[in-house]
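Peer 1: Here it is: the structure, laid out below.
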Amino acid sequence: MKVNNELEDQYSDVLKKFRYGRKMGLRSLSEMTGLSPDRLREAEAGSYVPSEPEWDLLGRSLGFDGSVIQKIHFSPDMTPRISLPEHIVPVGESYFGYPVWAYLALNPHDPKRALLIDTGGIGEILLSTIKKMDLTLEGILLTHGHSDHAGDLARLGRYLPEEVFLSEPDVKLLDGPVPARVHRLEPESVSRKYAGDGWNHIEVFRANGHTSGSVAYLTGGVLFVGDAIFCGSCGRAQTPEDFPESLSSVKRLLDGCPDETIIVSGHGPFTTVRKERDWNPFYGARSGKAEEPRPL
């Protein structure tokens with residue numbers, strides 16, 4: 001099998017996230033599947049690719065459909081190539097060498113006015129993009145409080161708007177205090193704040209699991225999910241106890257939006273709701289205890 005290296009998460013990451021979420025040790029998983037602990041370590045390190053029967057055993061043991069992971073994760077040619085609407089400008093930033101997306105949502109009737117959706121840690125690429133486009137930021141919509149998505153707000157300097165939207169539970173995750181002149185508002189108020197005045201309608205969805213206060217924003221047919229969903233995967237749950245909620249968020253977001261909705265994540269390729277329903281192993285995964293399959 002040819003591994004798809006274009007994804008944010010490889011098959012090895014998916015295995016680790018499921019085992020973490022299920023609070024299952026390597027020895028227990030070995031007993032359930034018949035795969036040795038060493039073989040499982042190799043699979044989680046990406047140096048061993050399980051066979052189709054082994055994926056079935058791993059899936060039944062960890063509570064996901066083992067056939068699903070064999071779609072996008074081993075088919076690089078199926079990686080989505082999606083163009084975003086003109087009013088959405090993706091900015092590929094580097095957070096200490098780690099690729100991360102920030103997004104500028106332009107007012108369709110006045111493209112010099114913009115909302116910043118996640119910060120990418122506010123590096124030089126974002127700052128130069130704002131300057132080059134001569135944008136006025138009217139608000140910052142944060143999906144969650146991790147530093148690569150909400151970090152270093154003060155670096156925006158004169159571009160810093162008066163209002164930042166971030167859920168209260170995620171304030172403690174920020175790498176510094178919100179600048180004194182900025183008002184922090186709850187994401188639920190975004191829809192009212194930007195109703196009319198040329199803006200596309202913005203819906204806000206709860207997306208917790210990766211963090212306690214994670215949210216997603218839907219506007220103009222584009223769903224900004226932060227780390228709640230990746231192409232073929234999702235962000236690691238904050239704790240194993242949060243794993244069921246993370247699974248619920250993936251299902252809630254994918255079931256609650258039209259098939260053609262474009263999903264833009266904090267990392268990795270853009271995708272669609274239809275595609276993620278088809279090949280994301282976290283969609284439809286069991287939230288409760290997995291069954292015990294018979295080893296090979």
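Identifiers in the structure tokens: chain A, B, ... in order shown; residue index from 1 per chain; ligand index from 1 in order shown.
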What's around Ser167 in chain A at 9 Å? Count only C-alpha atoms, leave out sequence neighbours fewer than 2 positions away in its own chain, and write the answer as a ChimeraX atom specification.
Peer 2: /A:142-145,165,169-171,184-188,212-215
Peer 1: Emit the selected residues as a tab-separated table (two decimals), in the first residue's frame, including C-alpha atoms.
Peer 2:
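In the end it all went to again-v3.tsv:
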chain	number	residue	atom	x	y	z
A	142	LEU	CA	-11.10	31.52	17.24
A	143	THR	CA	-12.02	27.85	16.99
A	144	HIS	CA	-10.10	27.02	20.17
A	145	GLY	CA	-7.37	28.28	22.44
A	165	PHE	CA	-14.42	35.48	19.97
A	169	PRO	CA	-13.22	27.25	28.84
A	170	ASP	CA	-10.38	27.81	26.36
A	171	VAL	CA	-9.12	31.13	27.77
A	184	ARG	CA	-13.38	38.74	24.46
A	185	LEU	CA	-16.84	37.59	23.49
A	186	GLU	CA	-18.44	34.16	23.40
A	187	PRO	CA	-18.57	32.60	19.89
A	188	GLU	CA	-22.35	32.23	20.18
A	212	SER	CA	-13.50	21.97	26.16
A	213	GLY	CA	-14.46	25.12	24.28
A	214	SER	CA	-13.84	24.19	20.65
A	215	VAL	CA	-16.33	25.57	18.13
Peer 1: Do you know which residues are at most 7 Å from Thr271 in chain A counting only C-alpha atoms, after dropping those on the same chain fewer than 6 positions away, and could you put them as a ChimeraX atom specification?
Peer 2: /A:80,82,231,262-264
Peer 1: Got a sec to tell me which of range 34-272 of chain A DSSP assigns to strand (DSSP E or B), as a ChimeraX atom specification?
Peer 2: /A:88-95,98-107,110-117,136-141,163-165,183-185,202-206,215-219,222-226,230,233,262-265,271-272
Peer 1: Tell me, as a PyMOL selection string, which residues lie within 6 Å of range 101-117 of chain A, counting only C-alpha atoms; anything in the same chain fewer than 5 positions away does not count.
Peer 2: chain A and resi 87-93+135-142+198-199+266-267
Peer 1: Please, what distance in Å, to one decimal, runs between CA of Ala154 in chain A and CA of Asn208 in chain A?
Peer 2: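 Separation of CA of Ala154 in chain A and CA of Asn208 in chain A: 26.0 Å.
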Peer 1: From the list A:Ile130, A:Gly268, A:Glu124, A:Thr119, which residue is nearest Gly151 in chain A when using only C-alpha atoms?
Peer 2: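 Answer, going by the shortest atom-to-atom distance: A:Thr119.
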Peer 1: From the options A:Gly157, A:Arg27, A:Leu174, A:Glu163, which residue's atoms come nearest to Tyr194 in chain A, counting only C-alpha atoms?
Peer 2: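 Residue with the minimum atom-to-atom distance to Tyr194 in chain A: A:Glu163.
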Peer 1: Can you list every residue in range 93-213 of chain A that DSSP puts in alpha helix (DSSP H), as a PyMOL selection string?
Peer 2: chain A and resi 124-133+147-150+190-193
Peer 1: When you count only C-alpha atoms, which of these residues is closest to Leu254 in chain A: A:Pro53, A:Pro76, A:Gly284, A:Gly226?
Peer 2: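 Among the listed residues, A:Gly284 lies closest to Leu254 in chain A.
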Peer 1: Can you tell me, as a PyMOL selection string, what residues are no more than 10 Å from Asn5 in chain A when counting only C-alpha atoms, ignoring any on the same chain fewer than 3 positions away?
Peer 2: chain A and resi 2+8-11+73-76+79
